[in-house]
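A short write-up of the structure that comes next.
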Amino acid sequence: MTTLEELEALATKLIDAQEVLAKCEQALADAKLRVAVLSEDLIPMAMENVGDFGIKEFVTNSGFRIKTGSKIRFNTKSPILHQWLRDIGNAGIIKSNVIVPFKKAGSDAEARELQEQLTTEGYAATFEQAVAWNSMESLIKRMREDGKEVPELKSIDGFEVKTTQVEMPK
């Protein structure tokens, strides 16, 4: 049988473990922010300003290979983005889900029809859509390469972030 003192000791250990976990989670969040600031802001900016001519790839004297680029990101659940994809004939990359307890899903039209039918029958069904960010990034890059008109990313809930890759010397 457990004594009250043993129970209190276990509760104290739990509180201590939760405090350690909270500190670790904060340290992780801080580290992620430092990585983002360095890789998305400081290093790309420094690379652009090296010698006033900007470079995309560089190998340091100590052998570090530094490469900058950019990635395109979107609010993948944006109705504005989804409508633009439909308008340009790329609705096929929109993932549609009807969310019900048994997780039935279908295509865009089928999902909406099922959601409406279930709502009519008294179910609390919702309709959600999303686009994978990597599908959007590939589509935009392909359109740019093909010389097709691409709207300002902000107008379709997208944005571009700078990236950095650093390889250690071998």
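Here, A, B, ... name the chains of the structure tokens in the order displayed, residue numbers run from 1 inside each chain, and ligands are numbered from 1 in the same displayed order.
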Determine which residues of chain A receive a DSSP assignment of strand (DSSP E or B), computed from the backbone, and state them as a compact mmCIF listing (two decimals) with N, CA and C atoms, in the first residue's frame.
# COMPACT_ATOMS: atom_id res chain seq x y z
N GLU A 57 26.36 30.91 -53.38
CA GLU A 57 27.09 29.77 -52.83
C GLU A 57 28.53 30.19 -52.59
N PHE A 58 29.09 29.69 -51.49
CA PHE A 58 30.42 30.12 -51.11
C PHE A 58 31.07 29.02 -50.28
N VAL A 59 32.37 28.82 -50.45
CA VAL A 59 33.12 27.90 -49.62
C VAL A 59 34.15 28.73 -48.85
N ARG A 65 30.76 24.99 -46.72
CA ARG A 65 30.04 25.33 -47.95
C ARG A 65 28.72 25.97 -47.53
N ILE A 66 28.54 27.22 -47.92
CA ILE A 66 27.33 27.97 -47.56
C ILE A 66 26.56 28.24 -48.84
N LYS A 67 25.30 27.88 -48.84
CA LYS A 67 24.46 28.04 -50.03
C LYS A 67 23.13 28.66 -49.60
N THR A 68 22.71 29.71 -50.28
CA THR A 68 21.43 30.33 -49.98
C THR A 68 20.47 30.14 -51.15
N GLY A 69 19.22 30.23 -50.86
CA GLY A 69 18.17 30.10 -51.87
C GLY A 69 16.88 30.64 -51.30
N SER A 70 15.78 30.14 -51.81
CA SER A 70 14.49 30.56 -51.26
C SER A 70 13.48 29.43 -51.41
N LYS A 71 12.48 29.48 -50.58
CA LYS A 71 11.37 28.53 -50.62
C LYS A 71 10.07 29.33 -50.65
N ILE A 72 9.08 28.78 -51.31
CA ILE A 72 7.79 29.42 -51.41
C ILE A 72 6.83 28.69 -50.47
N ARG A 73 6.12 29.46 -49.67
CA ARG A 73 5.18 28.89 -48.71
C ARG A 73 3.80 29.53 -48.89
N PHE A 74 2.77 28.82 -48.46
CA PHE A 74 1.39 29.28 -48.62
C PHE A 74 0.57 28.95 -47.40
N ILE A 94 -5.71 20.21 -54.82
CA ILE A 94 -6.42 20.53 -53.58
C ILE A 94 -6.91 19.23 -52.96
N LYS A 95 -6.57 19.01 -51.72
CA LYS A 95 -7.03 17.82 -51.01
C LYS A 95 -8.32 18.18 -50.29
N SER A 96 -9.34 17.38 -50.53
CA SER A 96 -10.64 17.64 -49.90
C SER A 96 -10.96 16.51 -48.93
N ASN A 97 -11.47 16.89 -47.76
CA ASN A 97 -11.86 15.90 -46.76
C ASN A 97 -13.19 16.29 -46.17
N VAL A 98 -14.06 15.34 -46.06
CA VAL A 98 -15.27 15.51 -45.27
C VAL A 98 -14.96 14.87 -43.94
N ILE A 99 -15.13 15.62 -42.88
CA ILE A 99 -14.75 15.11 -41.58
C ILE A 99 -15.99 14.68 -40.82
N THR A 126 -18.20 18.63 -41.26
CA THR A 126 -17.53 19.84 -41.74
C THR A 126 -16.79 19.53 -43.02
N PHE A 127 -16.51 20.57 -43.78
CA PHE A 127 -15.80 20.43 -45.04
C PHE A 127 -14.51 21.22 -44.94
N GLU A 128 -13.39 20.57 -45.17
CA GLU A 128 -12.09 21.22 -45.11
C GLU A 128 -11.31 20.89 -46.37
N GLN A 129 -10.48 21.85 -46.77
CA GLN A 129 -9.60 21.63 -47.91
C GLN A 129 -8.21 22.17 -47.58
N ALA A 130 -7.21 21.59 -48.19
CA ALA A 130 -5.83 22.06 -48.03
C ALA A 130 -5.04 21.65 -49.26
N VAL A 131 -3.94 22.35 -49.47
CA VAL A 131 -3.02 22.05 -50.55
C VAL A 131 -1.66 21.81 -49.92
N GLY A 158 0.43 33.45 -50.26
CA GLY A 158 1.74 32.82 -50.28
C GLY A 158 2.83 33.81 -49.90
N PHE A 159 4.01 33.31 -49.67
CA PHE A 159 5.16 34.16 -49.39
C PHE A 159 6.43 33.37 -49.69
N GLU A 160 7.52 34.08 -49.83
CA GLU A 160 8.80 33.45 -50.13
C GLU A 160 9.74 33.68 -48.96
N VAL A 161 10.43 32.64 -48.52
CA VAL A 161 11.41 32.76 -47.45
C VAL A 161 12.78 32.39 -47.99
N LYS A 162 13.77 33.07 -47.49
CA LYS A 162 15.14 32.78 -47.88
C LYS A 162 15.61 31.57 -47.07
N THR A 163 16.51 30.81 -47.65
CA THR A 163 17.01 29.60 -46.98
C THR A 163 18.53 29.56 -47.02
N THR A 164 19.09 28.82 -46.11
CA THR A 164 20.54 28.66 -46.05
C THR A 164 20.86 27.19 -45.76
N GLN A 165 21.85 26.67 -46.47
CA GLN A 165 22.38 25.34 -46.17
C GLN A 165 23.87 25.50 -45.90
N VAL A 166 24.33 24.89 -44.83
CA VAL A 166 25.75 24.93 -44.51
C VAL A 166 26.23 23.49 -44.40
N GLU A 167 27.30 23.16 -45.14
CA GLU A 167 27.91 21.84 -45.04
C GLU A 167 29.23 21.97 -44.32
**Message:** Please extract the residues of chain A with a backbone DSSP assignment of alpha helix (DSSP H) and present them as a ChimeraX atom specification.
**Reply:** /A:4-36,43-49,79-87,108-120,133-145
Take the residues that were just selected and, keeping C-alpha atoms, output them as a PDB file, in the first residue's frame.
ATOM      1  CA  LEU A   4       0.527   9.637   1.761  1.00  0.00           C
ATOM      2  CA  GLU A   5       4.191  10.643   1.958  1.00  0.00           C
ATOM      3  CA  GLU A   6       5.019   8.416  -1.031  1.00  0.00           C
ATOM      4  CA  LEU A   7       2.110   9.897  -2.978  1.00  0.00           C
ATOM      5  CA  GLU A   8       3.313  13.415  -2.158  1.00  0.00           C
ATOM      6  CA  ALA A   9       6.851  12.479  -3.251  1.00  0.00           C
ATOM      7  CA  LEU A  10       5.497  11.184  -6.589  1.00  0.00           C
ATOM      8  CA  ALA A  11       3.478  14.385  -7.073  1.00  0.00           C
ATOM      9  CA  THR A  12       6.611  16.439  -6.373  1.00  0.00           C
ATOM     10  CA  LYS A  13       8.566  14.397  -8.937  1.00  0.00           C
ATOM     11  CA  LEU A  14       5.802  15.002 -11.481  1.00  0.00           C
ATOM     12  CA  ILE A  15       5.891  18.762 -10.837  1.00  0.00           C
ATOM     13  CA  ASP A  16       9.695  18.732 -11.188  1.00  0.00           C
ATOM     14  CA  ALA A  17       9.502  16.738 -14.439  1.00  0.00           C
ATOM     15  CA  GLN A  18       6.873  19.138 -15.821  1.00  0.00           C
ATOM     16  CA  GLU A  19       9.125  22.105 -14.995  1.00  0.00           C
ATOM     17  CA  VAL A  20      12.069  20.446 -16.767  1.00  0.00           C
ATOM     18  CA  LEU A  21       9.830  19.709 -19.754  1.00  0.00           C
ATOM     19  CA  ALA A  22       8.619  23.324 -19.893  1.00  0.00           C
ATOM     20  CA  LYS A  23      12.226  24.580 -19.805  1.00  0.00           C
ATOM     21  CA  CYS A  24      13.241  22.144 -22.564  1.00  0.00           C
ATOM     22  CA  GLU A  25      10.280  23.167 -24.727  1.00  0.00           C
ATOM     23  CA  GLN A  26      11.218  26.842 -24.269  1.00  0.00           C
ATOM     24  CA  ALA A  27      14.863  26.062 -25.080  1.00  0.00           C
ATOM     25  CA  LEU A  28      13.722  24.242 -28.228  1.00  0.00           C
ATOM     26  CA  ALA A  29      11.509  27.178 -29.273  1.00  0.00           C
ATOM     27  CA  ASP A  30      14.416  29.579 -28.662  1.00  0.00           C
ATOM     28  CA  ALA A  31      16.789  27.383 -30.688  1.00  0.00           C
ATOM     29  CA  LYS A  32      14.289  27.164 -33.586  1.00  0.00           C
ATOM     30  CA  LEU A  33      13.987  30.949 -33.589  1.00  0.00           C
ATOM     31  CA  ARG A  34      17.796  31.373 -33.622  1.00  0.00           C
ATOM     32  CA  VAL A  35      18.067  28.903 -36.534  1.00  0.00           C
ATOM     33  CA  ALA A  36      15.329  30.756 -38.448  1.00  0.00           C
ATOM     34  CA  ILE A  43      23.206  34.664 -43.560  1.00  0.00           C
ATOM     35  CA  PRO A  44      21.221  35.382 -46.772  1.00  0.00           C
ATOM     36  CA  MET A  45      21.601  39.130 -46.106  1.00  0.00           C
ATOM     37  CA  ALA A  46      25.336  38.730 -45.512  1.00  0.00           C
ATOM     38  CA  MET A  47      25.672  36.655 -48.699  1.00  0.00           C
ATOM     39  CA  GLU A  48      23.862  39.375 -50.686  1.00  0.00           C
ATOM     40  CA  ASN A  49      26.235  41.995 -49.298  1.00  0.00           C
ATOM     41  CA  PRO A  79     -10.017  29.806 -49.989  1.00  0.00           C
ATOM     42  CA  ILE A  80      -8.296  32.512 -52.083  1.00  0.00           C
ATOM     43  CA  LEU A  81      -5.529  30.072 -53.007  1.00  0.00           C
ATOM     44  CA  HIS A  82      -8.034  27.294 -53.742  1.00  0.00           C
ATOM     45  CA  GLN A  83     -10.080  29.549 -56.024  1.00  0.00           C
ATOM     46  CA  TRP A  84      -6.955  30.638 -57.915  1.00  0.00           C
ATOM     47  CA  LEU A  85      -5.989  26.976 -58.416  1.00  0.00           C
ATOM     48  CA  ARG A  86      -9.477  26.227 -59.774  1.00  0.00           C
ATOM     49  CA  ASP A  87      -9.309  29.289 -62.059  1.00  0.00           C
ATOM     50  CA  ASP A 108     -14.051  18.281 -54.078  1.00  0.00           C
ATOM     51  CA  ALA A 109     -17.584  17.901 -55.490  1.00  0.00           C
ATOM     52  CA  GLU A 110     -18.216  14.552 -53.813  1.00  0.00           C
ATOM     53  CA  ALA A 111     -16.955  15.880 -50.473  1.00  0.00           C
ATOM     54  CA  ARG A 112     -19.252  18.905 -50.615  1.00  0.00           C
ATOM     55  CA  GLU A 113     -22.200  16.707 -51.639  1.00  0.00           C
ATOM     56  CA  LEU A 114     -21.553  14.272 -48.801  1.00  0.00           C
ATOM     57  CA  GLN A 115     -21.146  17.102 -46.295  1.00  0.00           C
ATOM     58  CA  GLU A 116     -24.443  18.644 -47.414  1.00  0.00           C
ATOM     59  CA  GLN A 117     -26.196  15.265 -47.315  1.00  0.00           C
ATOM     60  CA  LEU A 118     -24.863  14.490 -43.835  1.00  0.00           C
ATOM     61  CA  THR A 119     -25.803  17.941 -42.556  1.00  0.00           C
ATOM     62  CA  THR A 120     -29.332  17.479 -43.947  1.00  0.00           C
ATOM     63  CA  TRP A 133       2.963  23.352 -49.661  1.00  0.00           C
ATOM     64  CA  ASN A 134       5.447  21.349 -51.730  1.00  0.00           C
ATOM     65  CA  SER A 135       2.853  20.845 -54.495  1.00  0.00           C
ATOM     66  CA  MET A 136       2.292  24.600 -54.579  1.00  0.00           C
ATOM     67  CA  GLU A 137       6.012  25.327 -54.592  1.00  0.00           C
ATOM     68  CA  SER A 138       6.508  22.927 -57.525  1.00  0.00           C
ATOM     69  CA  LEU A 139       3.560  24.406 -59.425  1.00  0.00           C
ATOM     70  CA  ILE A 140       4.799  27.995 -59.016  1.00  0.00           C
ATOM     71  CA  LYS A 141       8.368  27.079 -59.990  1.00  0.00           C
ATOM     72  CA  ARG A 142       7.130  25.181 -63.068  1.00  0.00           C
ATOM     73  CA  MET A 143       4.880  28.071 -64.087  1.00  0.00           C
ATOM     74  CA  ARG A 144       7.776  30.529 -63.739  1.00  0.00           C
ATOM     75  CA  GLU A 145      10.092  28.263 -65.741  1.00  0.00           C
TER      76      GLU A 145
END
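Nearest to A:Ala132 of all the residues A:Leu38, A:Ile93, A:Ile156, A:Val150 is A:Ile93, based on only C-alpha atoms.
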